[in-house]
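Text of my_file_23.txt (compact mmCIF, C-alpha atoms) as supplied:
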```
# COMPACT_ATOMS: atom_id res chain seq x y z
CA MET T 366 39.32 84.03 50.34
CA GLU T 367 40.69 83.72 46.81
CA ALA T 368 42.60 86.97 47.32
CA ALA T 369 44.30 85.45 50.36
CA LEU T 370 45.29 82.34 48.43
CA ALA T 371 46.73 84.46 45.61
CA SER T 372 48.58 86.88 47.92
CA PRO T 373 52.32 87.21 47.26
CA LEU T 374 52.70 87.44 51.04
CA LEU T 375 52.18 83.69 51.25
CA SER T 376 55.37 83.12 49.34
CA LEU T 377 57.21 85.28 51.88
CA VAL T 378 55.69 83.22 54.68
CA GLY T 379 57.14 80.19 52.89
CA TRP T 380 60.58 81.83 52.71
CA SER T 381 60.33 82.72 56.37
CA VAL T 382 59.96 79.00 57.12
CA VAL T 383 63.20 78.43 55.21
CA LEU T 384 64.83 81.08 57.41
CA LEU T 385 63.48 79.33 60.52
CA PHE T 386 65.00 76.08 59.25
CA VAL T 387 68.34 77.87 58.69
CA HIS T 388 68.29 78.98 62.32
CA VAL T 389 67.51 75.47 63.55
CA MET T 390 70.24 73.97 61.36
CA LEU T 391 72.86 76.52 62.46
CA GLN T 392 72.01 75.92 66.08
CA GLY T 393 72.15 72.16 65.61
CA MET T 394 75.35 72.18 63.57
CA THR T 395 77.25 74.36 66.02
CA ALA T 396 76.09 72.29 68.99
CA THR T 397 76.96 69.04 67.21
CA ARG T 398 80.40 70.32 66.31
CA GLU T 399 80.97 71.06 69.99
CA LEU T 400 79.33 68.03 71.64
CA GLY T 401 79.47 65.40 68.90
CA SER T 402 77.00 63.52 66.75
CA ALA T 403 76.24 60.95 69.47
CA TRP T 404 74.91 63.77 71.64
CA ASN T 405 72.86 65.17 68.78
CA ALA T 406 71.39 61.78 67.85
CA GLY T 407 70.69 60.82 71.46
CA PRO T 408 67.87 61.77 73.82
CA ARG T 409 70.03 64.41 75.59
CA ASP T 410 68.83 63.17 78.97
CA GLU T 411 72.11 63.99 80.70
CA GLY T 412 71.42 67.73 80.40
CA ARG T 413 74.67 68.62 78.64
CA ARG T 414 74.44 71.89 76.74
CA PRO T 415 76.88 73.47 74.35
CA ALA T 416 78.99 76.12 76.06
CA GLY T 417 80.99 77.46 73.11
CA VAL T 418 80.77 81.03 71.88
CA LEU T 419 79.50 80.20 68.38
CA SER T 420 76.92 77.66 69.53
CA GLY T 421 75.71 80.11 72.16
CA ARG T 422 75.35 82.86 69.58
CA ALA T 423 73.51 80.55 67.20
CA GLU T 424 71.11 79.55 69.99
CA ARG T 425 70.48 83.16 71.03
CA ALA T 426 70.03 84.32 67.42
CA SER T 427 67.49 81.54 66.89
CA ALA T 428 65.64 82.45 70.09
CA ASN T 429 65.60 86.10 69.04
CA PHE T 430 64.16 85.16 65.64
CA ARG T 431 61.42 83.09 67.26
CA GLU T 432 60.41 86.09 69.41
CA THR T 433 59.27 88.12 66.39
CA TYR T 434 58.41 85.28 64.02
CA PRO T 435 54.83 84.75 65.27
CA ALA T 436 54.12 88.47 64.78
CA PHE T 437 55.41 88.29 61.21
CA VAL T 438 53.31 85.24 60.36
CA ALA T 439 50.20 86.71 62.00
CA LEU T 440 50.57 90.04 60.20
CA ALA T 441 51.34 88.43 56.85
CA LEU T 442 48.34 86.11 57.05
CA ALA T 443 46.07 88.90 58.26
CA LEU T 444 47.18 91.11 55.37
CA ALA T 445 46.59 88.27 52.91
CA VAL T 446 43.12 87.53 54.27
CA ALA T 447 42.25 91.24 54.27
CA GLY T 448 43.32 91.51 50.65
CA LYS T 449 46.06 94.00 51.55
CA GLY T 450 48.95 91.87 50.36
CA SER T 451 50.67 94.58 48.35
CA GLY T 452 52.03 98.08 48.85
CA LEU T 453 53.19 99.00 52.34
CA GLY T 454 52.34 95.60 53.82
CA MET T 455 54.38 93.73 51.22
CA ALA T 456 57.25 96.19 51.54
CA GLY T 457 57.21 95.70 55.32
CA ALA T 458 57.31 91.92 54.92
CA TRP T 459 60.35 92.20 52.64
CA VAL T 460 62.02 94.60 55.08
CA TRP T 461 61.43 92.18 57.96
CA LEU T 462 62.75 89.20 55.99
CA ALA T 463 65.82 91.04 54.67
CA PHE T 464 66.83 92.34 58.09
CA ARG T 465 66.25 88.94 59.72
CA ILE T 466 68.57 87.38 57.11
CA VAL T 467 71.24 90.04 57.72
CA TYR T 468 70.87 89.56 61.48
CA ILE T 469 72.21 85.99 61.40
CA PRO T 470 75.81 86.64 60.27
CA LEU T 471 75.97 89.81 62.35
CA TYR T 472 75.03 87.87 65.49
CA LEU T 473 77.28 84.91 64.72
CA ALA T 474 80.21 87.27 64.12
CA GLY T 475 79.49 89.08 67.40
CA ILE T 476 79.12 92.49 65.76
CA PRO T 477 77.42 94.85 68.22
CA TYR T 478 75.33 97.92 67.37
CA ILE T 479 74.96 97.05 63.67
CA ARG T 480 73.27 93.85 64.80
CA SER T 481 70.95 95.96 66.94
CA LEU T 482 70.19 98.15 63.93
CA ALA T 483 69.29 95.01 61.95
CA TRP T 484 66.91 93.99 64.74
CA LEU T 485 65.41 97.46 64.72
CA GLY T 486 65.05 97.33 60.93
CA ALA T 487 63.09 94.10 61.23
CA GLY T 488 60.88 95.82 63.79
CA VAL T 489 60.26 98.64 61.33
CA GLY T 490 59.16 96.03 58.81
CA LEU T 491 56.63 94.65 61.28
CA ALA T 492 55.41 98.18 62.01
CA MET T 493 54.94 98.80 58.29
CA MET T 494 52.89 95.62 58.05
CA PHE T 495 50.78 96.66 61.03
CA VAL T 496 50.11 100.12 59.58
CA ALA T 497 49.11 98.56 56.25
CA LEU T 498 46.72 96.22 58.04
CA VAL T 499 45.08 98.72 60.39
CA PHE T 500 44.92 101.87 58.26
```

Turn this file's structure into structure tokens for me.
Amino acid sequence: MEAALASPLLSLVGWSVVLLFVHVMLQGMTATRELGSAWNAGPRDEGRRPAGVLSGRAERASANFRETYPAFVALALALAVAGKGSGLGMAGAWVWLAFRIVYIPLYLAGIPYIRSLAWLGAGVGLAMMFVALVF
């Protein structure tokens, strides 16, 4: 268990939480800019949703991040517990994190294809982590 606590992967899990917070903040800021601070501070019972392009992209980018985020956390923690928190597993974690960071401005700017390549790159990072864990 000491190996898991000392794993450098845990620091990447921490940075991934920062990235999650960035997604939440971007989504909230774009929606607030569109619908106002009273909407953001209120209970949102009326069902109004932001309809703007940027707020929609921020919401979809955040949802896309949350689709792969549990896999990243599970693989990172499993690698740490297994004492495999270096080499291919660590490289895969960095690949996932880097591509997920790059994905945000690509999605917000509406850049097709390259954004898809960034998503694919993050998937390669998860695959690297899986291979490091299983083999």

| query | So which one's closest to Ile469 in chain T, T:Ser402, T:His388, T:Phe437, T:Val418? Using only C-alpha atoms, please. | reply | T:His388

| request: Enter the distance from CA of Arg398 in chain T to CA of Ser420 in chain T, in Å, rounded to one decimal. | output: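 Here the two named atoms are 8.7 Å from each other.
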
| note | CA of Ala441 in chain T sits from CA of Pro477 in chain T at a separation of 29.2 Å

| message | For a test of reading the model, state the distance in Å between CA of Thr395 in chain T and CA of Arg413 in chain T, rounded to one decimal. | response |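 About the pair CA of Thr395 in chain T and CA of Arg413 in chain T: they are 14.1 Å apart.
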
| field | Pick from T:Met394, T:Ala483, T:Val496, T:Val378, whichever lies nearest to Pro435 in chain T using only C-alpha atoms | value |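 Ranked by minimum distance to Pro435 in chain T, first place goes to T:Val378.
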
| Between T:Ala487, T:Leu462, T:Ala436, T:Ala426, which is the closest to Met390 in chain T once you count all atoms listed in the file? |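 Ranking T:Ala487, T:Leu462, T:Ala436, T:Ala426 by distance to Met390 in chain T, first place goes to T:Ala426.
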
| said: Set the distance at 10 Å and use all atoms listed in the file: which residues neighbour Trp459 in chain T once local chain neighbours fewer than 6 positions away are removed? I'd like the list as a list in words. | reply: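 In the requested format, the answer is Leu374, Leu377, Leu453, Arg465, Ala487, Gly490, Leu491 and Met494 of chain T.
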
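Using only C-alpha atoms, the smallest distance between any of T:Thr397, T:Asn405, T:Ser427, T:Thr433 and Trp461 in chain T comes from T:Thr433.
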
| Do you know which residues lie at most 12 Å from (71.2, 79.3, 61.5), with coordinates as in the file and only C-alpha atoms counted, and could you write them as number ranges by chain? | T: 383-396, 419-431, 465-473

| field | Top pick for closest residue to Gly379 in chain T, considering T:Trp404, T:Ala458, T:Arg409, T:Ala416 and counting all atoms listed in the file | value | T:Ala458

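Among T:Ile479, T:Ser381, T:Ala497, T:Ala492, the residue with the shortest atom-to-atom distance to Ala447 in chain T, counting all atoms listed in the file, is T:Ala497.
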
As an mmCIF file, in the frame of the given file, the rebuilt range 474-493 of chain T with N, CA, C and O atoms:
```cif
data_model
loop_
_atom_site.group_PDB
_atom_site.id
_atom_site.type_symbol
_atom_site.label_atom_id
_atom_site.label_comp_id
_atom_site.auth_asym_id
_atom_site.auth_seq_id
_atom_site.Cartn_x
_atom_site.Cartn_y
_atom_site.Cartn_z
ATOM 1 N N ALA T 474 78.903 86.621 64.104
ATOM 2 C CA ALA T 474 80.210 87.270 64.120
ATOM 3 C C ALA T 474 80.421 88.110 65.375
ATOM 4 O O ALA T 474 81.529 88.584 65.624
ATOM 5 N N GLY T 475 79.373 88.313 66.161
ATOM 6 C CA GLY T 475 79.490 89.080 67.400
ATOM 7 C C GLY T 475 79.632 90.573 67.157
ATOM 8 O O GLY T 475 80.285 91.267 67.938
ATOM 9 N N ILE T 476 79.018 91.066 66.099
ATOM 10 C CA ILE T 476 79.120 92.490 65.760
ATOM 11 C C ILE T 476 78.029 93.261 66.508
ATOM 12 O O ILE T 476 76.845 93.104 66.212
ATOM 13 N N PRO T 477 78.429 94.090 67.470
ATOM 14 C CA PRO T 477 77.420 94.850 68.220
ATOM 15 C C PRO T 477 76.931 96.061 67.426
ATOM 16 O O PRO T 477 77.510 96.428 66.408
ATOM 17 N N TYR T 478 75.924 96.686 67.894
ATOM 18 C CA TYR T 478 75.330 97.920 67.370
ATOM 19 C C TYR T 478 74.734 97.738 65.974
ATOM 20 O O TYR T 478 73.566 98.027 65.775
ATOM 21 N N ILE T 479 75.517 97.290 65.012
ATOM 22 C CA ILE T 479 74.960 97.050 63.670
ATOM 23 C C ILE T 479 73.931 95.933 63.752
ATOM 24 O O ILE T 479 72.888 95.994 63.119
ATOM 25 N N ARG T 480 74.238 94.924 64.568
ATOM 26 C CA ARG T 480 73.270 93.850 64.800
ATOM 27 C C ARG T 480 71.989 94.414 65.399
ATOM 28 O O ARG T 480 70.882 94.052 65.003
ATOM 29 N N SER T 481 72.124 95.331 66.334
ATOM 30 C CA SER T 481 70.950 95.960 66.940
ATOM 31 C C SER T 481 70.168 96.771 65.919
ATOM 32 O O SER T 481 68.934 96.803 65.950
ATOM 33 N N LEU T 482 70.869 97.416 65.000
ATOM 34 C CA LEU T 482 70.190 98.150 63.930
ATOM 35 C C LEU T 482 69.426 97.196 63.014
ATOM 36 O O LEU T 482 68.331 97.524 62.542
ATOM 37 N N ALA T 483 69.990 96.013 62.770
ATOM 38 C CA ALA T 483 69.290 95.010 61.950
ATOM 39 C C ALA T 483 68.019 94.560 62.666
ATOM 40 O O ALA T 483 66.968 94.391 62.038
ATOM 41 N N TRP T 484 68.106 94.366 63.977
ATOM 42 C CA TRP T 484 66.910 93.990 64.740
ATOM 43 C C TRP T 484 65.865 95.090 64.658
ATOM 44 O O TRP T 484 64.682 94.829 64.456
ATOM 45 N N LEU T 485 66.314 96.322 64.800
ATOM 46 C CA LEU T 485 65.410 97.460 64.720
ATOM 47 C C LEU T 485 64.784 97.559 63.324
ATOM 48 O O LEU T 485 63.589 97.840 63.192
ATOM 49 N N GLY T 486 65.578 97.319 62.292
ATOM 50 C CA GLY T 486 65.050 97.330 60.930
ATOM 51 C C GLY T 486 63.952 96.313 60.733
ATOM 52 O O GLY T 486 62.934 96.586 60.085
ATOM 53 N N ALA T 487 64.138 95.122 61.303
ATOM 54 C CA ALA T 487 63.090 94.100 61.230
ATOM 55 C C ALA T 487 61.833 94.572 61.953
ATOM 56 O O ALA T 487 60.714 94.342 61.492
ATOM 57 N N GLY T 488 62.018 95.262 63.065
ATOM 58 C CA GLY T 488 60.880 95.820 63.790
ATOM 59 C C GLY T 488 60.142 96.873 62.969
ATOM 60 O O GLY T 488 58.907 96.956 63.006
ATOM 61 N N VAL T 489 60.883 97.661 62.222
ATOM 62 C CA VAL T 489 60.260 98.640 61.330
ATOM 63 C C VAL T 489 59.427 97.924 60.274
ATOM 64 O O VAL T 489 58.321 98.361 59.940
ATOM 65 N N GLY T 490 59.930 96.814 59.774
ATOM 66 C CA GLY T 490 59.160 96.030 58.810
ATOM 67 C C GLY T 490 57.841 95.551 59.390
ATOM 68 O O GLY T 490 56.794 95.641 58.733
ATOM 69 N N LEU T 491 57.879 95.074 60.619
ATOM 70 C CA LEU T 491 56.630 94.650 61.280
ATOM 71 C C LEU T 491 55.692 95.828 61.477
ATOM 72 O O LEU T 491 54.471 95.708 61.283
ATOM 73 N N ALA T 492 56.237 96.983 61.836
ATOM 74 C CA ALA T 492 55.410 98.180 62.010
ATOM 75 C C ALA T 492 54.760 98.589 60.696
ATOM 76 O O ALA T 492 53.578 98.979 60.669
ATOM 77 N N MET T 493 55.497 98.492 59.609
ATOM 78 C CA MET T 493 54.940 98.800 58.290
ATOM 79 C C MET T 493 53.767 97.867 57.977
ATOM 80 O O MET T 493 52.736 98.307 57.459
#
```
